[in-house]
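Q: Below you'll find upload-v5.txt; it's compact mmCIF, C-alpha atoms.
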# COMPACT_ATOMS: atom_id res chain seq x y z
CA MET V 243 18.87 -12.94 -9.28
CA PHE V 244 16.08 -14.88 -7.69
CA ASP V 245 15.94 -18.63 -7.66
CA ASP V 246 13.08 -21.09 -7.53
CA ARG V 247 13.98 -22.78 -4.26
CA SER V 248 12.05 -20.50 -1.91
CA PRO V 249 9.20 -18.02 -2.29
CA ILE V 250 10.39 -15.07 -4.37
CA TYR V 251 8.64 -12.53 -2.14
CA GLN V 252 10.86 -13.69 0.72
CA GLN V 253 13.94 -13.36 -1.46
CA VAL V 254 12.85 -9.82 -2.41
CA ALA V 255 12.49 -8.84 1.27
CA GLU V 256 15.80 -10.49 2.14
CA ARG V 257 17.62 -8.70 -0.64
CA ILE V 258 16.38 -5.28 0.43
CA LYS V 259 17.40 -6.05 4.00
CA GLU V 260 20.90 -6.92 2.76
CA ASP V 261 21.04 -3.62 0.88
CA ILE V 262 20.10 -1.74 4.03
CA LEU V 263 22.66 -3.65 6.12
CA SER V 264 25.42 -3.06 3.58
CA GLY V 265 24.57 0.63 3.34
CA ALA V 266 23.60 0.46 -0.34
CA LEU V 267 20.20 1.69 0.84
CA ARG V 268 20.33 4.34 3.56
CA GLU V 269 17.73 5.30 6.09
CA GLY V 270 15.37 7.84 4.60
CA ASP V 271 16.17 6.72 1.02
CA GLN V 272 13.27 6.17 -1.31
CA VAL V 273 13.11 2.63 -2.67
CA MET V 274 12.03 1.66 -6.18
CA SER V 275 8.29 1.30 -6.70
CA THR V 276 7.16 -2.32 -6.71
CA ASN V 277 6.35 -2.05 -10.42
CA GLN V 278 9.78 -0.67 -11.26
CA TYR V 279 11.35 -3.34 -9.11
CA ALA V 280 9.32 -6.10 -10.79
CA ALA V 281 10.22 -4.96 -14.30
CA PHE V 282 13.88 -4.51 -13.36
CA TYR V 283 14.23 -8.01 -11.95
CA ARG V 284 11.67 -9.55 -14.35
CA ILE V 285 9.38 -10.86 -11.66
CA ASN V 286 5.63 -10.68 -11.16
CA PRO V 287 4.53 -7.28 -9.77
CA ALA V 288 2.18 -8.89 -7.23
CA THR V 289 5.08 -11.00 -5.94
CA ALA V 290 7.33 -7.95 -5.61
CA ALA V 291 4.52 -6.06 -3.86
CA LYS V 292 4.17 -8.87 -1.34
CA GLY V 293 7.88 -8.68 -0.51
CA PHE V 294 7.67 -4.92 0.01
CA HIS V 295 4.50 -5.32 2.05
CA GLU V 296 6.34 -7.67 4.43
CA LEU V 297 8.98 -5.00 5.01
CA VAL V 298 6.31 -2.39 5.67
CA GLN V 299 4.67 -4.76 8.19
CA GLU V 300 8.02 -5.21 9.90
CA GLY V 301 8.55 -1.45 9.95
CA ILE V 302 11.72 -1.66 7.83
CA LEU V 303 10.04 0.40 5.11
CA HIS V 304 7.25 2.93 5.43
CA LYS V 305 4.83 4.38 2.91
CA ARG V 306 4.24 8.01 2.21
CA ARG V 307 0.93 8.39 0.47
CA GLY V 308 1.21 9.33 -3.16
CA ILE V 309 5.01 9.56 -3.01
CA GLY V 310 6.34 6.08 -2.45
CA MET V 311 8.17 3.87 0.01
CA PHE V 312 11.13 4.84 2.14
CA VAL V 313 13.65 3.14 4.40
CA SER V 314 12.58 3.73 8.02
CA PRO V 315 14.86 5.83 10.24
CA ASP V 316 15.77 2.97 12.57
CA ALA V 317 15.75 0.21 9.94
CA ARG V 318 19.46 -0.59 9.94
CA GLU V 319 19.66 -0.63 13.74
CA ARG V 320 16.70 -3.01 13.93
CA LEU V 321 18.13 -5.33 11.30
CA LEU V 322 21.48 -5.40 13.08
CA ARG V 323 19.78 -6.28 16.35
CA GLU V 324 17.79 -9.02 14.62
CA ARG V 325 20.88 -10.45 12.88
CA ARG V 326 22.97 -10.32 16.03
CA ALA V 327 20.31 -12.28 17.88
CA ARG V 328 20.42 -14.96 15.19
CA PHE V 329 24.19 -14.99 14.74
CA PHE V 330 25.02 -17.66 17.33
CA ALA V 331 22.11 -19.92 16.49
CA ASP V 332 22.51 -19.61 12.69
CA LEU V 333 26.29 -19.62 12.33
CA VAL V 334 28.16 -20.54 15.49
CA ASP V 335 26.06 -23.52 16.61
CA PRO V 336 26.32 -25.35 13.25
CA MET V 337 30.05 -24.61 13.18
CA LEU V 338 30.51 -26.12 16.65
CA ALA V 339 28.45 -29.16 15.67
CA GLN V 340 30.67 -29.67 12.63
CA ALA V 341 33.80 -29.19 14.73
CA ARG V 342 32.61 -31.81 17.20
CA LEU V 343 32.01 -34.22 14.34
CA LEU V 344 35.55 -33.65 13.08
CA GLY V 345 37.12 -33.81 16.54
CA ILE V 346 38.23 -30.19 16.56
CA SER V 347 38.33 -28.89 20.12
CA THR V 348 36.85 -25.58 21.22
CA ALA V 349 40.33 -24.54 22.35
CA GLU V 350 41.62 -25.04 18.78
CA ILE V 351 38.80 -22.93 17.38
CA ILE V 352 39.47 -20.15 19.85
CA ARG V 353 43.18 -20.22 19.08
CA TYR V 354 42.45 -20.06 15.35
CA ILE V 355 40.17 -17.07 15.78
CA ARG V 356 42.70 -15.25 18.01
CA GLU V 357 45.56 -15.82 15.58
CA ASN V 358 43.70 -14.94 12.41
CA ARG V 359 41.42 -12.16 13.54
CA GLY V 360 43.97 -9.46 12.83
CA ASN V 361 44.52 -10.66 9.28
CA LYS V 362 40.91 -10.62 8.13
CA MET L 87 -1.79 8.21 -9.62
CA THR L 88 -3.27 5.12 -11.13
CA HIS L 89 -5.11 2.52 -9.11
CA PRO L 90 -3.85 -0.79 -10.46
CA ARG L 91 -6.01 -2.81 -8.12
CA ALA L 92 -9.26 -1.42 -9.48
CA ASP L 93 -8.00 -1.98 -13.04
CA ARG L 94 -6.90 -5.47 -12.19
CA ARG L 95 -10.35 -6.44 -11.04
CA ALA L 96 -11.86 -5.16 -14.28
CA ALA L 97 -9.90 -7.79 -16.23
CA PRO L 98 -11.96 -10.86 -17.11
CA ALA L 99 -12.17 -13.89 -14.86
CA VAL L 100 -12.08 -17.33 -16.47
CA GLU L 101 -14.32 -20.19 -15.41
CA ILE L 102 -13.73 -23.72 -16.60
CA ASP L 103 -16.27 -26.33 -15.65
CA ARG L 104 -15.80 -30.08 -16.23
CA LEU L 105 -14.24 -29.35 -19.59
CA THR L 106 -13.74 -32.35 -21.83
CA VAL L 107 -12.39 -32.28 -25.37
CA ARG L 108 -11.96 -35.41 -27.48
CA TYR L 109 -10.42 -35.78 -30.89
CA GLY L 110 -11.72 -39.08 -32.16
CA ARG L 111 -10.51 -41.62 -29.61
CA THR L 112 -8.02 -39.27 -27.99
CA THR L 113 -9.10 -37.40 -24.88
CA ALA L 114 -7.19 -34.10 -24.80
CA LEU L 115 -8.99 -32.63 -21.79
CA ASP L 116 -10.68 -34.82 -19.23
CA GLY L 117 -13.17 -33.04 -16.98
CA LEU L 118 -10.94 -30.06 -16.22
CA GLY L 119 -12.20 -27.56 -13.66
CA LEU L 120 -10.57 -24.22 -12.86
CA HIS L 121 -11.38 -20.74 -11.66
CA LEU L 122 -9.01 -17.92 -12.61
CA ASP L 123 -9.45 -14.47 -11.09
CA GLY L 124 -9.10 -11.59 -13.51
CA GLY L 125 -5.95 -9.50 -13.78
CA ARG L 126 -3.25 -11.98 -12.90
CA ILE L 127 -0.43 -13.59 -14.87
CA TYR L 128 -0.89 -17.36 -14.94
CA GLY L 129 1.61 -19.98 -15.92
CA LEU L 130 0.02 -22.97 -17.64
CA ILE L 131 2.51 -25.77 -17.21
CA GLY L 132 2.34 -29.24 -18.64
CA ARG L 133 4.34 -31.69 -20.67
CA ASN L 134 3.99 -31.96 -24.42
CA GLY L 135 0.55 -33.35 -25.21
CA SER L 136 -0.86 -32.56 -21.76
CA GLY L 137 -3.71 -30.49 -23.20
CA LYS L 138 -2.35 -26.94 -22.84
CA THR L 139 -2.99 -25.88 -26.42
CA THR L 140 -6.43 -27.49 -26.47
CA LEU L 141 -7.40 -25.61 -23.30
CA LEU L 142 -6.24 -22.27 -24.71
CA SER L 143 -7.98 -22.98 -28.03
CA VAL L 144 -11.28 -23.51 -26.24
CA LEU L 145 -10.84 -20.26 -24.29
CA ALA L 146 -10.07 -18.44 -27.54
CA ALA L 147 -13.21 -19.95 -29.12
CA PHE L 148 -11.16 -21.71 -31.79
CA ARG L 149 -12.63 -24.98 -30.66
CA ARG L 150 -15.86 -26.18 -29.13
CA PRO L 151 -15.78 -28.42 -26.04
CA THR L 152 -17.03 -32.00 -26.32
CA SER L 153 -18.71 -31.44 -22.97
CA GLY L 154 -18.46 -29.03 -20.08
CA ALA L 155 -18.24 -25.26 -20.36
CA VAL L 156 -15.95 -22.27 -20.25
CA ARG L 157 -16.86 -18.70 -19.34
CA VAL L 158 -14.79 -15.59 -19.97
CA ALA L 159 -16.08 -12.56 -18.07
CA GLY L 160 -19.19 -14.64 -17.40
CA GLU L 161 -19.93 -15.45 -21.05
CA ASP L 162 -19.40 -18.41 -23.36
CA PRO L 163 -16.73 -17.24 -25.84
CA PHE L 164 -17.84 -19.57 -28.66
CA GLU L 165 -19.26 -17.59 -31.60
CA ASN L 166 -19.57 -14.63 -29.27
CA GLU L 167 -18.92 -11.46 -31.24
CA ARG L 168 -18.77 -9.27 -28.19
CA LEU L 169 -15.86 -11.26 -26.81
CA THR L 170 -13.78 -11.92 -29.94
CA GLY L 171 -11.94 -8.60 -29.80
CA ASP L 172 -11.29 -9.10 -26.08
CA ILE L 173 -9.57 -12.47 -26.35
CA CYS L 174 -6.20 -12.93 -28.01
CA LEU L 175 -4.33 -16.21 -28.37
CA VAL L 176 -0.97 -16.27 -30.09
CA GLY L 177 1.12 -19.33 -30.78
CA GLU L 178 4.64 -19.82 -32.04
CA GLY L 179 4.17 -17.52 -35.00
CA GLY L 180 4.46 -20.38 -37.45
CA HIS L 181 1.38 -19.30 -39.43
CA VAL L 182 1.99 -19.20 -43.14
CA LEU L 183 0.55 -15.74 -43.75
CA SER L 184 1.95 -14.37 -46.96
CA GLU L 185 1.15 -10.81 -45.93
CA ARG L 186 3.87 -8.36 -45.05
CA ILE L 187 4.24 -7.65 -41.35
CA GLU L 188 2.88 -4.11 -41.63
CA ARG L 189 -0.23 -5.60 -43.26
CA VAL L 190 -0.48 -8.18 -40.45
CA PHE L 191 -0.43 -5.26 -38.02
CA ALA L 192 -3.15 -3.48 -40.01
CA LEU L 193 -5.34 -6.59 -39.82
CA ALA L 194 -4.81 -6.74 -36.07
CA ARG L 195 -5.77 -3.06 -35.83
CA ASP L 196 -9.11 -3.83 -37.52
CA LEU L 197 -9.76 -6.84 -35.31
CA ARG L 198 -8.53 -5.54 -31.95
CA PRO L 199 -10.30 -2.52 -30.45
CA ARG L 200 -7.38 -1.79 -28.10
CA TRP L 201 -4.58 -2.34 -30.62
CA ASP L 202 -1.71 0.15 -30.15
CA ASP L 203 0.04 0.63 -33.47
CA GLY L 204 2.81 2.84 -32.10
CA TYR L 205 3.61 0.23 -29.48
CA ALA L 206 3.63 -2.55 -32.09
CA ARG L 207 6.14 -0.60 -34.18
CA ARG L 208 8.35 0.12 -31.17
CA LEU L 209 8.31 -3.58 -30.36
CA ALA L 210 9.12 -4.50 -33.96
CA ASP L 211 12.09 -2.17 -33.70
CA ARG L 212 13.23 -3.68 -30.41
CA PHE L 213 12.91 -7.25 -31.70
CA GLU L 214 14.47 -6.28 -35.05
CA VAL L 215 11.51 -7.40 -37.13
CA PRO L 216 11.50 -5.78 -40.60
CA LEU L 217 7.98 -4.56 -41.32
CA HIS L 218 8.18 -4.92 -45.09
CA ARG L 219 8.91 -8.66 -44.98
CA THR L 220 6.41 -11.53 -44.85
CA PRO L 221 6.55 -14.09 -42.02
CA ARG L 222 7.97 -16.61 -44.48
CA GLN L 223 10.97 -14.35 -45.07
CA LEU L 224 11.73 -14.08 -41.37
CA SER L 225 13.88 -16.23 -39.14
CA ARG L 226 12.18 -18.51 -36.64
CA GLY L 227 13.10 -16.13 -33.82
CA GLN L 228 11.61 -13.19 -35.70
CA ARG L 229 8.39 -15.12 -36.35
CA SER L 230 8.11 -15.86 -32.64
CA ALA L 231 8.71 -12.18 -31.97
CA VAL L 232 5.87 -11.27 -34.35
CA ALA L 233 3.56 -13.55 -32.36
CA CYS L 234 4.66 -11.90 -29.10
CA ILE L 235 4.17 -8.43 -30.60
CA LEU L 236 0.63 -9.33 -31.72
CA GLY L 237 -0.12 -10.60 -28.21
CA LEU L 238 1.29 -7.54 -26.46
CA ALA L 239 0.05 -4.75 -28.75
CA SER L 240 -3.48 -6.20 -28.94
CA ARG L 241 -3.89 -5.34 -25.24
CA ALA L 242 -6.72 -7.87 -25.15
CA PRO L 243 -8.28 -8.18 -21.67
CA LEU L 244 -7.61 -11.93 -21.93
CA THR L 245 -4.22 -12.49 -23.56
CA MET L 246 -2.74 -15.95 -24.03
CA PHE L 247 0.73 -16.89 -25.23
CA ASP L 248 1.01 -20.52 -26.26
CA GLU L 249 4.74 -21.26 -26.10
CA SER L 250 5.20 -18.17 -28.23
CA TYR L 251 8.78 -17.75 -27.04
CA LEU L 252 9.99 -21.07 -28.49
CA GLY L 253 11.92 -19.70 -31.43
CA MET L 254 13.44 -16.75 -29.57
CA ASP L 255 16.96 -16.66 -28.23
CA ALA L 256 17.66 -15.70 -24.61
CA PRO L 257 18.16 -11.93 -25.13
CA ALA L 258 14.90 -11.75 -27.10
CA ARG L 259 13.04 -13.74 -24.43
CA TYR L 260 14.34 -11.43 -21.69
CA ALA L 261 13.21 -8.44 -23.73
CA PHE L 262 9.80 -10.08 -24.04
CA TYR L 263 9.54 -10.60 -20.24
CA GLU L 264 10.39 -6.95 -19.66
CA GLU L 265 7.88 -5.73 -22.21
CA LEU L 266 5.19 -8.02 -20.86
CA LEU L 267 5.68 -6.88 -17.25
CA ASN L 268 5.82 -3.19 -18.13
CA ASP L 269 2.79 -3.32 -20.38
CA TYR L 270 0.82 -5.51 -17.98
CA THR L 271 1.48 -3.01 -15.20
CA ALA L 272 0.35 -0.09 -17.35
CA HIS L 273 -2.61 -2.01 -18.83
CA PRO L 274 -3.67 -4.76 -16.42
CA ARG L 275 -5.25 -7.79 -18.04
CA THR L 276 -5.60 -11.51 -17.55
CA VAL L 277 -2.57 -13.24 -19.02
CA ILE L 278 -2.03 -16.96 -19.49
CA ILE L 279 1.38 -18.18 -20.63
CA SER L 280 1.80 -21.83 -21.48
CA THR L 281 5.24 -23.34 -21.17
CA HIS L 282 7.18 -26.41 -20.26
CA LEU L 283 10.31 -24.35 -19.54
CA VAL L 284 9.50 -23.65 -15.93
CA GLU L 285 12.74 -22.30 -14.61
CA GLU L 286 13.11 -19.23 -16.75
CA PHE L 287 9.47 -18.20 -16.76
CA ALA L 288 8.40 -18.95 -13.22
CA GLY L 289 9.24 -15.53 -11.80
CA LEU L 290 6.66 -13.95 -14.07
CA PHE L 291 3.76 -15.98 -12.76
CA GLU L 292 1.53 -15.03 -9.89
CA GLU L 293 -0.22 -18.39 -10.05
CA VAL L 294 0.69 -21.68 -11.61
CA ILE L 295 -1.64 -24.23 -13.20
CA MET L 296 -0.15 -27.67 -13.84
CA ILE L 297 -2.03 -30.08 -16.06
CA HIS L 298 -1.19 -33.65 -16.92
CA ARG L 299 -3.01 -35.92 -19.38
CA GLY L 300 -5.83 -33.42 -19.67
CA ARG L 301 -6.43 -33.16 -15.94
CA LEU L 302 -5.63 -30.55 -13.35
CA VAL L 303 -2.73 -31.48 -11.08
CA VAL L 304 -2.23 -28.26 -9.16
CA HIS L 305 -3.46 -24.70 -9.20
CA ASP L 306 -1.75 -22.53 -6.61
CA GLY L 307 0.30 -19.39 -6.05
CA ALA L 308 3.75 -19.69 -7.61
CA ASP L 309 5.37 -18.71 -4.31
CA ALA L 310 3.17 -21.15 -2.38
CA LEU L 311 4.41 -23.94 -4.66
CA ARG L 312 8.02 -22.88 -4.16
CA ALA L 313 7.56 -23.52 -0.44
CA ARG L 314 5.67 -26.77 -0.87
CA GLY L 315 8.13 -29.50 -1.72
CA ALA L 316 11.05 -30.85 0.29
CA THR L 317 13.67 -33.50 -0.31
CA LEU L 318 14.70 -35.45 2.79
CA THR L 319 17.99 -37.33 2.64
CA GLY L 320 19.72 -39.35 5.37
CA PRO L 321 19.69 -42.63 7.26
CA ALA L 322 16.71 -44.64 5.99
CA GLU L 323 14.98 -45.02 9.33
CA GLN L 324 15.19 -41.33 10.25
CA VAL L 325 14.06 -40.25 6.79
CA GLN L 326 11.12 -42.64 6.98
CA ARG L 327 10.08 -41.14 10.30
CA ALA L 328 10.44 -37.56 9.03
CA ALA L 329 8.32 -38.28 5.94
CA ALA L 330 5.58 -40.20 7.77
CA GLY L 331 2.10 -39.09 6.79
CA LEU L 332 3.27 -36.79 3.98
CA THR L 333 2.53 -37.28 0.29
CA THR L 334 5.57 -38.89 -1.29
CA LEU L 335 6.47 -37.86 -4.82
CA ARG L 336 9.59 -39.93 -5.20
CA GLU L 337 11.74 -42.34 -3.20
CA ARG L 338 15.26 -43.56 -3.82
CA GLN L 339 17.60 -45.63 -1.74
CA LEU L 340 21.31 -46.27 -2.00
CA GLY L 341 22.65 -48.57 0.70
CA GLY L 342 21.50 -47.19 4.01
CA ILE L 343 20.80 -43.73 2.63
CA ARG L 344 17.26 -42.89 1.66
CA GLU L 345 16.05 -39.88 -0.30
CA VAL L 346 12.37 -38.99 -0.19
CA THR L 347 10.75 -36.06 -1.97
CA VAL L 348 7.58 -35.01 -0.21
CA TYR L 349 4.82 -32.64 -1.19
CA GLY L 350 2.94 -30.70 1.40
CA PRO L 351 3.52 -28.46 4.35
CA LEU L 352 6.69 -29.41 6.19
CA ASP L 353 6.17 -27.35 9.31
CA GLU L 354 9.01 -25.83 11.27
CA GLN L 355 8.77 -28.38 14.10
CA ARG L 356 8.99 -31.36 11.75
CA ARG L 357 11.85 -29.74 9.85
CA ARG L 358 13.84 -29.16 13.04
CA ALA L 359 13.17 -32.66 14.33
CA ALA L 360 14.33 -34.12 11.01
CA GLN L 361 17.48 -32.01 10.97
CA ALA L 362 18.26 -32.92 14.56
CA ALA L 363 18.00 -36.61 13.55
CA GLY L 364 20.64 -36.08 10.86
CA VAL L 365 18.28 -35.71 7.91
CA HIS L 366 19.15 -33.12 5.26
CA VAL L 367 16.13 -31.06 4.29
CA GLU L 368 16.31 -29.30 0.94
CA PRO L 369 13.73 -27.27 -0.98
CA VAL L 370 12.47 -28.56 -4.32
CA PRO L 371 12.77 -26.10 -7.20
CA LEU L 372 9.55 -25.51 -9.14
CA GLN L 373 11.01 -27.21 -12.21
CA ASP L 374 11.67 -30.41 -10.21
CA LEU L 375 8.26 -30.24 -8.58
CA PHE L 376 6.78 -30.11 -12.07
CA VAL L 377 8.84 -33.13 -13.12
CA HIS L 378 7.78 -35.13 -10.06
CA LEU L 379 4.11 -34.16 -10.27
CA THR L 380 3.82 -35.01 -13.95
CA ALA L 381 5.89 -38.17 -14.09
CA GLY L 382 4.23 -40.73 -16.38
CA ASP L 383 3.07 -43.00 -13.56
CA GLY L 384 1.95 -40.11 -11.39
CA ASP L 385 -1.76 -40.90 -11.19
CA ARG L 386 -1.79 -42.18 -7.63
CA THR L 387 0.18 -39.18 -6.47
CA LEU L 388 -2.08 -36.82 -8.41
CA ALA L 389 -5.13 -38.08 -6.57
CA GLU L 390 -3.40 -37.44 -3.27
CA VAL L 391 -2.11 -34.03 -4.27
CA ARG L 392 -5.54 -32.92 -5.36
CA ARG L 393 -7.22 -34.13 -2.23
As structure tokens, how would this structure be written, given the file I've shared?

A:
Amino acid sequence: MFDDRSPIYQQVAERIKEDILSGALREGDQVMSTNQYAAFYRINPATAAKGFHELVQEGILHKRRGIGMFVSPDARERLLRERRARFFADLVDPMLAQARLLGISTAEIIRYIRENRGNK
Amino acid sequence: MTHPRADRRAAPAVEIDRLTVRYGRTTALDGLGLHLDGGRIYGLIGRNGSGKTTLLSVLAAFRRPTSGAVRVAGEDPFENERLTGDICLVGEGGHVLSERIERVFALARDLRPRWDDGYARRLADRFEVPLHRTPRQLSRGQRSAVACILGLASRAPLTMFDESYLGMDAPARYAFYEELLNDYTAHPRTVIISTHLVEEFAGLFEEVIMIHRGRLVVHDGADALRARGATLTGPAEQVQRAAAGLTTLRERQLGGIREVTVYGPLDEQRRRAAQAAGVHVEPVPLQDLFVHLTAGDGDRTLAEVRR
């Protein structure tokens, strides 16, 4: 569920993005209404609406008047592109910083990845 | 389709102006000022004895202010017949009514123009409250549930729950949250929920009001507050630099390691600079923010926070 350590509307948006990336929500799928979503997760409807609104602004979701909100046709592709761009900065750079601190060489890291890639 | 926004705006706004309430030599509320837009769910947060119940009692016209004023939908609620049916305050359900629950519901029906009897009975069923019993014959949890049912089924444009959940166990509280959100969506109104259990309730609130010793500490969006605090931990000198100029809520030091909790906007640039200098930056959960902002000796901080 949602925690109190960051704005809930951001957590709502993030969670829907994860669902799109994982395939739980597919392009063209209708998403829950913000009121349904709020009641389901026991959060304030205005907060849920703000999270959904963010995704509409980003083009991840789109509204169809009087029907509801849907996952945009290119949503998954756009999220993948966005995540790929952040992958090195968010995950690899901190890992390398930690490795440097521990005296693990880049060559060791590369060898580890090569040897274990097939098993994962 | 319904238009919740239009409905939302029809719910009463609440205006509180320099409100002071004294009981003998005790000052329960000390010049409190607040403006609440209609149609939102507010969390009224404060420690025991902070003035929450007094504030709600004044809004419900149970009590007259010593000085200052309150307005509900633009009118003074005190001895105001037009407003009485529109304002509903329920407490913990500890009232010693000797009437059977179905009779309590009938009284509410007479008093509350928007009372929904079918809904009240469905709620009684869900919360397992036997209608033929009197409150005295119920468990503490069931009495709390009766209070929550009265608050929900009254559909009063201004509905206030004063720690009504206290006797309920977790499944009953969750059921209450669900019912509140569903019914609020279908019938928008202004809702104020007082609590000192921040963690579990906070998701329900659109805005949070924190009071301490009868004064306003903070009134802001719940999500805005979630983004507001940060705890900086690391080498003392670097932490000191990162926290410079920010309002400090708490400081601790152990050897060369310093931990400072700050309140206020920690912009991205400052955050990155701190992290690059080896300072850990962590968010402050709402519950902890509440603890820091309402610590007993918090008056200096309060002045700075309110500035």

Q: List as a PyMOL selection string the protein and nucleic acid residues near V:Thr276, meaning an atom at most 6 Å away when only C-alpha atoms are counted, but skip any in the same chain fewer than 3 places from it.

A: chain V and resi 279-280+290-291

Q: Keeping only C-alpha atoms, take the residues you just selected and write them out as a compact mmCIF listing (two decimals), in the frame of the given file.

A:
# COMPACT_ATOMS: atom_id res chain seq x y z
CA TYR V 279 11.35 -3.34 -9.11
CA ALA V 280 9.32 -6.10 -10.79
CA ALA V 290 7.33 -7.95 -5.61
CA ALA V 291 4.52 -6.06 -3.86

Q: When you count only C-alpha atoms, which of these residues is closest to V:Pro287: V:Gly310, V:Val273, V:Ile250, V:Ile352?

A: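 Under the stated criterion, the closest residue is V:Ile250.
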
Q: With all atoms listed in the file counted and 12 Å as the cut-off, give the residues of chain L in contact with chain V, each with its shortest interatomic distance in Å and the pair that gives it, as CSV.

A:
residue,atom,partner,partner_atom,distance
L:Met87,CA,V:Gly308,CA,7.2
L:Thr88,CA,V:Gly308,CA,10.1
L:His89,CA,V:Gly308,CA,11.0
L:Pro90,CA,V:Asn277,CA,10.3
L:Arg91,CA,V:Ala288,CA,10.2
L:Arg94,CA,V:Ala288,CA,10.9
L:Gly125,CA,V:Ala288,CA,10.5
L:Arg126,CA,V:Ala288,CA,8.4
L:Ile127,CA,V:Asn286,CA,7.7
L:Tyr128,CA,V:Asn286,CA,10.1
L:Gly129,CA,V:Asn286,CA,11.2
L:Arg259,CA,V:Arg284,CA,11.0
L:Tyr260,CA,V:Arg284,CA,8.0
L:Ala261,CA,V:Arg284,CA,9.6
L:Phe262,CA,V:Arg284,CA,9.9
L:Tyr263,CA,V:Arg284,CA,6.4
L:Glu264,CA,V:Ala281,CA,5.7
L:Glu265,CA,V:Ala281,CA,8.3
L:Leu266,CA,V:Ala281,CA,8.8
L:Leu267,CA,V:Ala281,CA,5.7
L:Asn268,CA,V:Ala281,CA,6.1
L:Asp269,CA,V:Ala281,CA,9.7
L:Tyr270,CA,V:Pro287,CA,9.2
L:Thr271,CA,V:Asn277,CA,6.9
L:Ala272,CA,V:Asn277,CA,9.4
L:Pro274,CA,V:Pro287,CA,10.9
L:Val277,CA,V:Asn286,CA,11.6
L:Val284,CA,V:Asp246,CA,9.5
L:Glu285,CA,V:Asp246,CA,7.2
L:Glu286,CA,V:Asp246,CA,9.4
L:Phe287,CA,V:Ile285,CA,8.9
L:Ala288,CA,V:Asp246,CA,7.7
L:Gly289,CA,V:Ile285,CA,4.7
L:Leu290,CA,V:Asn286,CA,4.5
L:Phe291,CA,V:Asn286,CA,5.8
L:Glu292,CA,V:Asn286,CA,6.1
L:Glu293,CA,V:Asn286,CA,9.7
L:Gly307,CA,V:Thr289,CA,9.7
L:Ala308,CA,V:Pro249,CA,7.8
L:Asp309,CA,V:Pro249,CA,4.4
L:Ala310,CA,V:Pro249,CA,6.8
L:Leu311,CA,V:Pro249,CA,8.0
L:Arg312,CA,V:Ser248,CA,5.2
L:Ala313,CA,V:Ser248,CA,5.6
L:Arg314,CA,V:Ser248,CA,9.0
L:Gly315,CA,V:Arg247,CA,9.3
L:Ala316,CA,V:Arg247,CA,9.7
L:Thr317,CA,V:Arg247,CA,11.4
L:Gln361,CA,V:Pro336,CA,11.3
L:Ala362,CA,V:Ala339,CA,10.9
L:Gly364,CA,V:Ala339,CA,11.5
L:Glu368,CA,V:Arg247,CA,8.7
L:Pro369,CA,V:Arg247,CA,5.6
L:Val370,CA,V:Arg247,CA,6.0
L:Pro371,CA,V:Arg247,CA,4.6
L:Leu372,CA,V:Asp246,CA,5.9
L:Gln373,CA,V:Asp246,CA,8.0
L:Asp374,CA,V:Asp246,CA,9.8
L:Leu375,CA,V:Arg247,CA,10.3
L:Phe376,CA,V:Asp246,CA,11.9

Q: Could you jot down the atom CA of L:Arg229 to atom CA of L:Met246 separation for me, Å, one decimal place?

A: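 Those two atoms sit 16.6 Å apart.
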
Q: Using all atoms listed in the file, find the one residue out of L:Pro243, L:Pro221, L:Gly320, L:Gly253 that sits nearest to L:Val190.

A: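 Among the listed residues, L:Pro221 lies closest to L:Val190.
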
Q: As an exercise, work out the distance from atom CA of L:Arg157 to atom CA of L:Arg95 in Å and give it to one decimal place.

A: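 About the pair atom CA of L:Arg157 and atom CA of L:Arg95: they are 16.2 Å apart.
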
Q: Determine the nearest neighbour of L:Leu175 from the options L:Leu105, L:Leu120, L:Leu238, L:Ile131, counting only C-alpha atoms.

A: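 Closest to L:Leu175, using only C-alpha atoms: L:Leu238.
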
Q: Just checking: using all atoms listed in the file, which residue out of L:Pro351, L:Val365, L:Ala381, L:Asp116 ends up closest to L:Arg336?

A: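 For L:Arg336, the nearest of the candidates is L:Ala381.
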
Q: Could you list as a short mmCIF file (atom, residue, chain, number, x, y, z; two decimals) with C-alpha atoms, in the coordinates of the input every residue that has an atom within 12 Å of (15.4, -9.8, 2.7), using the file's coordinates and counting all atoms listed in the file?

A:
data_model
loop_
_atom_site.label_atom_id
_atom_site.label_comp_id
_atom_site.auth_asym_id
_atom_site.auth_seq_id
_atom_site.Cartn_x
_atom_site.Cartn_y
_atom_site.Cartn_z
CA PHE V 244 16.08 -14.88 -7.69
CA PRO V 249 9.20 -18.02 -2.29
CA ILE V 250 10.39 -15.07 -4.37
CA TYR V 251 8.64 -12.53 -2.14
CA GLN V 252 10.86 -13.69 0.72
CA GLN V 253 13.94 -13.36 -1.46
CA VAL V 254 12.85 -9.82 -2.41
CA ALA V 255 12.49 -8.84 1.27
CA GLU V 256 15.80 -10.49 2.14
CA ARG V 257 17.62 -8.70 -0.64
CA ILE V 258 16.38 -5.28 0.43
CA LYS V 259 17.40 -6.05 4.00
CA GLU V 260 20.90 -6.92 2.76
CA ASP V 261 21.04 -3.62 0.88
CA ILE V 262 20.10 -1.74 4.03
CA LEU V 263 22.66 -3.65 6.12
CA ALA V 290 7.33 -7.95 -5.61
CA LYS V 292 4.17 -8.87 -1.34
CA GLY V 293 7.88 -8.68 -0.51
CA PHE V 294 7.67 -4.92 0.01
CA HIS V 295 4.50 -5.32 2.05
CA GLU V 296 6.34 -7.67 4.43
CA LEU V 297 8.98 -5.00 5.01
CA GLU V 300 8.02 -5.21 9.90
CA ILE V 302 11.72 -1.66 7.83
CA LEU V 303 10.04 0.40 5.11
CA LEU V 321 18.13 -5.33 11.30
CA ARG V 325 20.88 -10.45 12.88
#
